[in-house]
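This is final-v4.pdb (PDB, C-alpha atoms and all ligand atoms).
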```pdb
ATOM      1  CA  MET X  17     -37.663 -77.129  31.175  1.00  0.00           C
ATOM      2  CA  ASP X  18     -41.221 -77.520  32.243  1.00  0.00           C
ATOM      3  CA  THR X  19     -42.348 -81.144  32.366  1.00  0.00           C
ATOM      4  CA  GLN X  20     -46.065 -81.550  32.157  1.00  0.00           C
ATOM      5  CA  ASP X  21     -48.090 -84.631  33.002  1.00  0.00           C
ATOM      6  CA  ASN X  22     -49.823 -84.734  29.612  1.00  0.00           C
ATOM      7  CA  GLY X  23     -46.845 -86.272  27.857  1.00  0.00           C
ATOM      8  CA  PHE X  24     -44.910 -83.331  26.468  1.00  0.00           C
ATOM      9  CA  VAL X  25     -42.034 -81.145  27.485  1.00  0.00           C
ATOM     10  CA  LEU X  26     -41.913 -77.510  26.475  1.00  0.00           C
ATOM     11  CA  SER X  27     -38.753 -75.477  26.882  1.00  0.00           C
ATOM     12  CA  ARG X  28     -39.023 -71.782  27.572  1.00  0.00           C
ATOM     13  CA  GLU X  29     -37.918 -71.029  23.976  1.00  0.00           C
ATOM     14  CA  GLY X  30     -40.428 -73.557  22.708  1.00  0.00           C
ATOM     15  CA  GLU X  31     -43.184 -71.948  24.717  1.00  0.00           C
ATOM     16  CA  ALA X  32     -42.289 -68.531  23.291  1.00  0.00           C
ATOM     17  CA  THR X  33     -42.289 -69.914  19.748  1.00  0.00           C
ATOM     18  CA  LEU X  34     -45.673 -71.527  20.221  1.00  0.00           C
ATOM     19  CA  LYS X  35     -46.993 -68.269  21.640  1.00  0.00           C
ATOM     20  CA  MET X  36     -45.857 -66.428  18.485  1.00  0.00           C
ATOM     21  CA  ILE X  37     -47.724 -68.936  16.338  1.00  0.00           C
ATOM     22  CA  LEU X  38     -50.928 -68.817  18.394  1.00  0.00           C
ATOM     23  CA  ASN X  39     -50.846 -65.031  18.848  1.00  0.00           C
ATOM     24  CA  ARG X  40     -50.338 -64.134  15.199  1.00  0.00           C
ATOM     25  CA  ARG X  41     -53.347 -62.547  13.640  1.00  0.00           C
ATOM     26  CA  SER X  42     -53.830 -60.408  10.571  1.00  0.00           C
ATOM     27  CA  VAL X  43     -53.107 -56.770  11.359  1.00  0.00           C
ATOM     28  CA  ARG X  44     -54.490 -54.166   8.962  1.00  0.00           C
ATOM     29  CA  ASN X  45     -54.237 -50.991  11.072  1.00  0.00           C
ATOM     30  CA  TYR X  46     -50.824 -49.577  11.792  1.00  0.00           C
ATOM     31  CA  VAL X  47     -49.247 -46.777  13.805  1.00  0.00           C
ATOM     32  CA  PRO X  48     -49.015 -44.030  11.175  1.00  0.00           C
ATOM     33  CA  GLU X  49     -45.715 -42.768   9.812  1.00  0.00           C
ATOM     34  CA  LYS X  50     -43.581 -45.443  11.432  1.00  0.00           C
ATOM     35  CA  PRO X  51     -41.612 -47.009   8.597  1.00  0.00           C
ATOM     36  CA  LEU X  52     -39.839 -50.305   9.085  1.00  0.00           C
ATOM     37  CA  SER X  53     -36.064 -50.102   8.896  1.00  0.00           C
ATOM     38  CA  THR X  54     -34.323 -51.819   6.018  1.00  0.00           C
ATOM     39  CA  GLU X  55     -32.483 -53.926   8.620  1.00  0.00           C
ATOM     40  CA  ILE X  56     -35.732 -55.318  10.050  1.00  0.00           C
ATOM     41  CA  LEU X  57     -37.116 -55.994   6.575  1.00  0.00           C
ATOM     42  CA  TYR X  58     -33.982 -57.988   5.755  1.00  0.00           C
ATOM     43  CA  GLU X  59     -34.255 -59.918   9.051  1.00  0.00           C
ATOM     44  CA  LEU X  60     -37.803 -60.866   8.071  1.00  0.00           C
ATOM     45  CA  VAL X  61     -36.651 -61.984   4.631  1.00  0.00           C
ATOM     46  CA  LYS X  62     -33.936 -64.044   6.332  1.00  0.00           C
ATOM     47  CA  ALA X  63     -36.685 -65.872   8.255  1.00  0.00           C
ATOM     48  CA  GLY X  64     -38.497 -66.388   4.948  1.00  0.00           C
ATOM     49  CA  MET X  65     -35.417 -67.951   3.403  1.00  0.00           C
ATOM     50  CA  ALA X  66     -35.187 -70.408   6.323  1.00  0.00           C
ATOM     51  CA  ALA X  67     -38.420 -72.064   5.143  1.00  0.00           C
ATOM     52  CA  PRO X  68     -38.467 -75.592   3.773  1.00  0.00           C
ATOM     53  CA  SER X  69     -38.728 -76.015   0.014  1.00  0.00           C
ATOM     54  CA  ALA X  70     -39.143 -79.085  -2.175  1.00  0.00           C
ATOM     55  CA  LYS X  71     -35.675 -80.570  -2.811  1.00  0.00           C
ATOM     56  CA  ASN X  72     -34.328 -77.412  -1.147  1.00  0.00           C
ATOM     57  CA  GLN X  73     -34.826 -75.640  -4.485  1.00  0.00           C
ATOM     58  CA  GLN X  74     -35.501 -72.231  -2.865  1.00  0.00           C
ATOM     59  CA  PRO X  75     -37.371 -70.939  -5.939  1.00  0.00           C
ATOM     60  CA  TRP X  76     -38.154 -67.627  -4.230  1.00  0.00           C
ATOM     61  CA  ALA X  77     -37.174 -63.988  -4.544  1.00  0.00           C
ATOM     62  CA  PHE X  78     -38.355 -61.083  -2.417  1.00  0.00           C
ATOM     63  CA  VAL X  79     -38.994 -57.381  -2.885  1.00  0.00           C
ATOM     64  CA  ALA X  80     -38.557 -55.581   0.438  1.00  0.00           C
ATOM     65  CA  ILE X  81     -40.294 -52.193   0.404  1.00  0.00           C
ATOM     66  CA  ASN X  82     -40.209 -49.311   2.874  1.00  0.00           C
ATOM     67  CA  ASP X  83     -40.628 -46.445   0.403  1.00  0.00           C
ATOM     68  CA  HIS X  84     -43.959 -44.858   1.334  1.00  0.00           C
ATOM     69  CA  SER X  85     -44.696 -43.677  -2.210  1.00  0.00           C
ATOM     70  CA  ILE X  86     -44.373 -47.247  -3.553  1.00  0.00           C
ATOM     71  CA  LEU X  87     -46.561 -48.598  -0.734  1.00  0.00           C
ATOM     72  CA  THR X  88     -49.233 -46.006  -1.545  1.00  0.00           C
ATOM     73  CA  LYS X  89     -49.141 -46.881  -5.244  1.00  0.00           C
ATOM     74  CA  LEU X  90     -49.445 -50.598  -4.417  1.00  0.00           C
ATOM     75  CA  ALA X  91     -52.472 -49.822  -2.218  1.00  0.00           C
ATOM     76  CA  GLY X  92     -54.051 -48.186  -5.251  1.00  0.00           C
ATOM     77  CA  ILE X  93     -53.465 -51.251  -7.416  1.00  0.00           C
ATOM     78  CA  LEU X  94     -54.395 -54.141  -5.098  1.00  0.00           C
ATOM     79  CA  PRO X  95     -58.178 -54.247  -4.539  1.00  0.00           C
ATOM     80  CA  HIS X  96     -57.769 -56.006  -1.163  1.00  0.00           C
ATOM     81  CA  GLY X  97     -54.592 -54.219  -0.119  1.00  0.00           C
ATOM     82  CA  LYS X  98     -55.766 -50.741   0.834  1.00  0.00           C
ATOM     83  CA  MET X  99     -53.996 -51.047   4.226  1.00  0.00           C
ATOM     84  CA  LEU X 100     -50.664 -50.725   2.391  1.00  0.00           C
ATOM     85  CA  ALA X 101     -51.177 -46.950   2.247  1.00  0.00           C
ATOM     86  CA  GLU X 102     -50.684 -46.864   6.045  1.00  0.00           C
ATOM     87  CA  ALA X 103     -48.132 -49.691   6.243  1.00  0.00           C
ATOM     88  CA  GLY X 104     -44.570 -49.233   7.461  1.00  0.00           C
ATOM     89  CA  GLY X 105     -43.291 -51.718   4.913  1.00  0.00           C
ATOM     90  CA  ALA X 106     -44.119 -54.695   2.756  1.00  0.00           C
ATOM     91  CA  ILE X 107     -42.467 -57.804   1.416  1.00  0.00           C
ATOM     92  CA  VAL X 108     -43.512 -59.192  -1.934  1.00  0.00           C
ATOM     93  CA  VAL X 109     -42.911 -62.940  -1.961  1.00  0.00           C
ATOM     94  CA  CYS X 110     -42.174 -64.060  -5.500  1.00  0.00           C
ATOM     95  CA  GLY X 111     -41.501 -67.272  -7.364  1.00  0.00           C
ATOM     96  CA  ASP X 112     -38.600 -67.244  -9.827  1.00  0.00           C
ATOM     97  CA  MET X 113     -39.760 -69.358 -12.776  1.00  0.00           C
ATOM     98  CA  THR X 114     -36.152 -69.799 -13.946  1.00  0.00           C
ATOM     99  CA  ASN X 115     -35.434 -71.546 -10.626  1.00  0.00           C
ATOM    100  CA  THR X 116     -38.355 -73.959 -10.152  1.00  0.00           C
ATOM    101  CA  LEU X 117     -37.991 -77.746 -10.097  1.00  0.00           C
ATOM    102  CA  GLU X 118     -37.855 -79.431 -13.482  1.00  0.00           C
ATOM    103  CA  GLY X 119     -40.922 -81.329 -14.718  1.00  0.00           C
ATOM    104  CA  SER X 120     -43.817 -82.401 -12.502  1.00  0.00           C
ATOM    105  CA  GLY X 121     -42.440 -80.671  -9.376  1.00  0.00           C
ATOM    106  CA  GLY X 122     -42.532 -77.245 -10.993  1.00  0.00           C
ATOM    107  CA  ASP X 123     -45.649 -76.090  -9.144  1.00  0.00           C
ATOM    108  CA  PHE X 124     -44.048 -76.728  -5.754  1.00  0.00           C
ATOM    109  CA  TRP X 125     -42.885 -73.078  -5.945  1.00  0.00           C
ATOM    110  CA  ILE X 126     -46.324 -72.120  -4.613  1.00  0.00           C
ATOM    111  CA  GLN X 127     -45.950 -74.210  -1.444  1.00  0.00           C
ATOM    112  CA  ASP X 128     -42.294 -73.202  -1.057  1.00  0.00           C
ATOM    113  CA  CYS X 129     -43.116 -69.495  -1.274  1.00  0.00           C
ATOM    114  CA  SER X 130     -46.141 -69.931   1.011  1.00  0.00           C
ATOM    115  CA  ALA X 131     -43.893 -71.512   3.651  1.00  0.00           C
ATOM    116  CA  ALA X 132     -41.506 -68.561   3.280  1.00  0.00           C
ATOM    117  CA  ALA X 133     -44.413 -66.127   3.619  1.00  0.00           C
ATOM    118  CA  GLU X 134     -45.666 -67.740   6.826  1.00  0.00           C
ATOM    119  CA  ASN X 135     -42.128 -67.674   8.256  1.00  0.00           C
ATOM    120  CA  ILE X 136     -41.965 -63.944   7.497  1.00  0.00           C
ATOM    121  CA  MET X 137     -45.271 -63.331   9.274  1.00  0.00           C
ATOM    122  CA  LEU X 138     -44.210 -65.299  12.346  1.00  0.00           C
ATOM    123  CA  ALA X 139     -40.864 -63.488  12.482  1.00  0.00           C
ATOM    124  CA  ALA X 140     -42.772 -60.194  12.231  1.00  0.00           C
ATOM    125  CA  GLU X 141     -44.835 -61.278  15.244  1.00  0.00           C
ATOM    126  CA  ALA X 142     -41.587 -61.913  17.134  1.00  0.00           C
ATOM    127  CA  PHE X 143     -40.497 -58.315  16.372  1.00  0.00           C
ATOM    128  CA  GLY X 144     -43.876 -56.947  17.516  1.00  0.00           C
ATOM    129  CA  ILE X 145     -44.753 -56.103  13.925  1.00  0.00           C
ATOM    130  CA  GLY X 146     -48.238 -56.755  12.579  1.00  0.00           C
ATOM    131  CA  SER X 147     -48.715 -58.339   9.181  1.00  0.00           C
ATOM    132  CA  VAL X 148     -51.341 -59.428   6.727  1.00  0.00           C
ATOM    133  CA  TRP X 149     -51.092 -61.641   3.648  1.00  0.00           C
ATOM    134  CA  ILE X 150     -52.483 -59.923   0.541  1.00  0.00           C
ATOM    135  CA  GLY X 151     -53.195 -62.527  -2.093  1.00  0.00           C
ATOM    136  CA  VAL X 152     -51.896 -61.898  -5.606  1.00  0.00           C
ATOM    137  CA  TYR X 153     -51.490 -65.363  -7.192  1.00  0.00           C
ATOM    138  CA  PRO X 154     -53.516 -67.006  -8.801  1.00  0.00           C
ATOM    139  CA  ASN X 155     -53.714 -63.823 -10.819  1.00  0.00           C
ATOM    140  CA  LYS X 156     -57.420 -64.122 -11.706  1.00  0.00           C
ATOM    141  CA  PHE X 157     -58.201 -63.294  -8.058  1.00  0.00           C
ATOM    142  CA  ILE X 158     -57.106 -59.675  -8.370  1.00  0.00           C
ATOM    143  CA  GLY X 159     -57.262 -59.482 -12.174  1.00  0.00           C
ATOM    144  CA  VAL X 160     -54.470 -59.763 -14.706  1.00  0.00           C
ATOM    145  CA  GLU X 161     -54.508 -56.003 -15.355  1.00  0.00           C
ATOM    146  CA  ASN X 162     -53.775 -55.246 -11.705  1.00  0.00           C
ATOM    147  CA  VAL X 163     -50.992 -57.820 -11.674  1.00  0.00           C
ATOM    148  CA  MET X 164     -49.462 -56.173 -14.746  1.00  0.00           C
ATOM    149  CA  LYS X 165     -49.640 -52.749 -13.067  1.00  0.00           C
ATOM    150  CA  MET X 166     -47.954 -54.151  -9.978  1.00  0.00           C
ATOM    151  CA  ASN X 167     -45.237 -55.877 -11.991  1.00  0.00           C
ATOM    152  CA  LYS X 168     -44.555 -52.601 -13.781  1.00  0.00           C
ATOM    153  CA  LEU X 169     -44.438 -50.566 -10.557  1.00  0.00           C
ATOM    154  CA  LEU X 170     -41.984 -53.012  -8.977  1.00  0.00           C
ATOM    155  CA  ASN X 171     -40.046 -53.582 -12.200  1.00  0.00           C
ATOM    156  CA  LEU X 172     -40.473 -57.359 -11.878  1.00  0.00           C
ATOM    157  CA  PRO X 173     -38.813 -59.304 -14.708  1.00  0.00           C
ATOM    158  CA  GLY X 174     -40.957 -61.620 -16.868  1.00  0.00           C
ATOM    159  CA  ASN X 175     -39.719 -64.781 -15.135  1.00  0.00           C
ATOM    160  CA  VAL X 176     -40.930 -63.615 -11.722  1.00  0.00           C
ATOM    161  CA  ILE X 177     -44.455 -64.230 -10.346  1.00  0.00           C
ATOM    162  CA  ALA X 178     -45.616 -62.477  -7.184  1.00  0.00           C
ATOM    163  CA  LEU X 179     -47.410 -64.915  -4.864  1.00  0.00           C
ATOM    164  CA  ASN X 180     -48.453 -62.317  -2.330  1.00  0.00           C
ATOM    165  CA  VAL X 181     -47.659 -59.013  -0.710  1.00  0.00           C
ATOM    166  CA  ILE X 182     -47.151 -59.091   3.050  1.00  0.00           C
ATOM    167  CA  SER X 183     -48.212 -55.768   4.490  1.00  0.00           C
ATOM    168  CA  LEU X 184     -46.254 -54.858   7.633  1.00  0.00           C
ATOM    169  CA  GLY X 185     -46.445 -52.234  10.339  1.00  0.00           C
ATOM    170  CA  TYR X 186     -46.482 -51.536  14.041  1.00  0.00           C
ATOM    171  CA  PRO X 187     -50.004 -52.432  15.233  1.00  0.00           C
ATOM    172  CA  ALA X 188     -52.311 -49.511  16.047  1.00  0.00           C
ATOM    173  CA  SER X 189     -54.181 -51.737  18.511  1.00  0.00           C
ATOM    174  CA  HIS X 190     -53.631 -55.114  20.116  1.00  0.00           C
ATOM    175  CA  ASP X 191     -56.594 -57.280  19.251  1.00  0.00           C
ATOM    176  CA  THR X 192     -56.936 -60.857  20.404  1.00  0.00           C
ATOM    177  CA  PRO X 193     -56.304 -63.554  17.818  1.00  0.00           C
ATOM    178  CA  LYS X 194     -59.153 -65.720  16.563  1.00  0.00           C
ATOM    179  CA  ASN X 195     -59.386 -69.127  18.194  1.00  0.00           C
ATOM    180  CA  LYS X 196     -59.496 -71.450  15.224  1.00  0.00           C
ATOM    181  CA  TYR X 197     -58.867 -74.713  17.041  1.00  0.00           C
ATOM    182  CA  ASN X 198     -61.544 -77.167  15.978  1.00  0.00           C
ATOM    183  CA  GLU X 199     -61.235 -80.756  17.058  1.00  0.00           C
ATOM    184  CA  GLU X 200     -63.888 -81.831  14.568  1.00  0.00           C
ATOM    185  CA  LYS X 201     -61.293 -81.263  11.845  1.00  0.00           C
ATOM    186  CA  ILE X 202     -58.893 -83.761  13.388  1.00  0.00           C
ATOM    187  CA  HIS X 203     -59.118 -87.396  12.349  1.00  0.00           C
ATOM    188  CA  HIS X 204     -57.199 -89.591  14.721  1.00  0.00           C
ATOM    189  CA  ASN X 205     -55.188 -92.356  13.033  1.00  0.00           C
ATOM    190  CA  THR X 206     -57.832 -92.838  10.331  1.00  0.00           C
ATOM    191  CA  TRP X 207     -60.588 -90.568   8.978  1.00  0.00           C
ATOM    192  CA  LYS X 208     -63.631 -90.932  11.191  1.00  0.00           C
TER     193      LYS X 208
HETATM  194  C1  LIG J 301     -53.993 -66.970   0.431  1.00  0.00           C
HETATM  195  C2  LIG J 301     -54.445 -65.814   1.319  1.00  0.00           C
HETATM  196  C3  LIG J 301     -54.908 -64.658   0.735  1.00  0.00           C
HETATM  197  C4  LIG J 301     -55.301 -63.579   1.523  1.00  0.00           C
HETATM  198  N1  LIG J 301     -55.644 -62.410   0.921  1.00  0.00           N
HETATM  199  C5  LIG J 301     -55.961 -61.347   1.686  1.00  0.00           C
HETATM  200  C6  LIG J 301     -56.179 -60.074   1.080  1.00  0.00           C
HETATM  201  O1  LIG J 301     -56.079 -59.917  -0.141  1.00  0.00           O
HETATM  202  N2  LIG J 301     -56.505 -59.022   1.894  1.00  0.00           N
HETATM  203  C7  LIG J 301     -56.603 -59.168   3.255  1.00  0.00           C
HETATM  204  O2  LIG J 301     -56.909 -58.176   3.937  1.00  0.00           O
HETATM  205  N3  LIG J 301     -56.364 -60.366   3.860  1.00  0.00           N
HETATM  206  C8  LIG J 301     -56.030 -61.429   3.117  1.00  0.00           C
HETATM  207  N4  LIG J 301     -55.698 -62.632   3.710  1.00  0.00           N
HETATM  208  C9  LIG J 301     -55.753 -62.740   5.188  1.00  0.00           C
HETATM  209  C10 LIG J 301     -56.948 -63.552   5.655  1.00  0.00           C
HETATM  210  O3  LIG J 301     -58.140 -62.805   5.474  1.00  0.00           O
HETATM  211  C11 LIG J 301     -56.753 -63.924   7.146  1.00  0.00           C
HETATM  212  O4  LIG J 301     -55.568 -64.677   7.287  1.00  0.00           O
HETATM  213  C12 LIG J 301     -57.936 -64.737   7.664  1.00  0.00           C
HETATM  214  O5  LIG J 301     -59.086 -63.943   7.727  1.00  0.00           O
HETATM  215  C13 LIG J 301     -57.673 -65.333   9.042  1.00  0.00           C
HETATM  216  O6  LIG J 301     -57.408 -64.309   9.977  1.00  0.00           O
HETATM  217  P1  LIG J 301     -56.054 -64.253  10.821  1.00  0.00           P
HETATM  218  O7  LIG J 301     -54.906 -64.118   9.873  1.00  0.00           O
HETATM  219  O8  LIG J 301     -56.210 -63.043  11.716  1.00  0.00           O
HETATM  220  O9  LIG J 301     -55.958 -65.529  11.605  1.00  0.00           O
HETATM  221  C14 LIG J 301     -55.276 -63.689   2.943  1.00  0.00           C
HETATM  222  C15 LIG J 301     -54.792 -64.874   3.529  1.00  0.00           C
HETATM  223  C16 LIG J 301     -54.356 -65.912   2.729  1.00  0.00           C
HETATM  224  C17 LIG J 301     -53.760 -67.147   3.385  1.00  0.00           C
END
```

Represent the structure from my file as structure tokens, please.
Amino acid sequence: MDTQDNGFVLSREGEATLKMILNRRSVRNYVPEKPLSTEILYELVKAGMAAPSAKNQQPWAFVAINDHSILTKLAGILPHGKMLAEAGGAIVVCGDMTNTLEGSGGDFWIQDCSAAAENIMLAAEAFGIGSVWIGVYPNKFIGVENVMKMNKLLNLPGNVIALNVISLGYPASHDTPKNKYNEEKIHHNTWK
């Protein structure tokens, strides 16, 4: 334990966790021809499933991909996902519409799946794997036709909506993360 005089205590594990969070950055260039093992992909999905969800509904489902031909086809479909052609793997984070909360809480699937996605990206960082979030939902962003092509390629059933595709791979370079800390966005106790 490292006690600091600014009022907090950070364990060594805590320090490492914080470092993962602060060091994560989007990685779009990968070491070529280095596929991710199925075991690692499943470890990442496990981290995703550890995310919080409203009423612990866990309305998610995941497609874990390390087949290069599928990654290449996805790169051809997603207008902002060209890096998938060089990726070692990808995880499609999906909402299962047959497993969302009843009534007014139904849309919480988006937050639940986003939390799972961020967990996956942080776990990837812990494994030394680079990642980037490729937005799919809301579908108008990439176009309904592209979404339909993707659903067909991945054989997604009608009740399943892809929130995003997380492109994964061993980083080709180690760039420094952006410093996004901005105290002007913090309102202390009340909005100033
Ligand atoms: C909802 C969402 C959608 C995104 N969509 C894309 C995308 O389609 N393609 C892409 O290259 N990056 C995408 N990103 C990654 C952002 O561009 C990136 O997170 C942002 O520029 C901040 O950089 P950083 O992740 O390195 O901190 C997306 C991120 C989020 C959260």

**Request:** Name every residue that the PyMOL selection byres (((chain X and resi 57-71) around 8) and not hetatm) selects in this structure, writing the answer as a PyMOL selection string with chains first and numbers rising.
**Result:** chain X and resi 52-56+72-75+78+80-81+105+107+124-125+127-129+131-137+139-140

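Between X:Thr114 and the residues X:Ala188, X:Val43, X:Ala77, X:Leu38, the shortest atom-to-atom distance, using only C-alpha atoms, involves X:Ala77.
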
**Message:** At a cut-off of 12 Å around ligand LIG 301 (chain J), and using all atoms listed in the file, what residues come up? Please write them as a count of residues only.
**Reply:** 54

**Prompt:** So what do you get for atom CA of X:Gly119 versus atom CA of X:Val176, distance-wise?
**Reply:**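 One can read the atom CA of X:Gly119 to atom CA of X:Val176 distance as 18.0 Å.
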
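Our summary of the geometry notes that atom CA of X:Asn82 is positioned 27.5 Å from atom CA of X:Lys35.
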
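Distances from X:Ala103, X:Ala142, X:Met113, X:Leu90 to X:Leu34 were compared using all atoms listed in the file, and the smallest one belongs to X:Ala142.
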
**Request:** For atom CA of X:Met164 and atom CA of X:Ile177, determine how far apart the two atoms are, in Å to one decimal place.
**Result:**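 Separation of atom CA of X:Met164 and atom CA of X:Ile177: 10.5 Å.
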
Give me the box for stretch 131-142 of chain X as AutoDock Vina command-line options, namely the centre and edge lengths in Å to one decimal of a box along x, y and z that holds every listed atom plus 8 Å on each side.
```
--center_x -43.3 --center_y -65.9 --center_z 10.2 --size_x 20.8 --size_y 27.3 --size_z 29.9
```

**Asked** For X:His84, which of X:Gly185, X:Ala32, X:Thr206, X:Asn22 is the closest residue, counting all atoms listed in the file?
**Response** X:Gly185
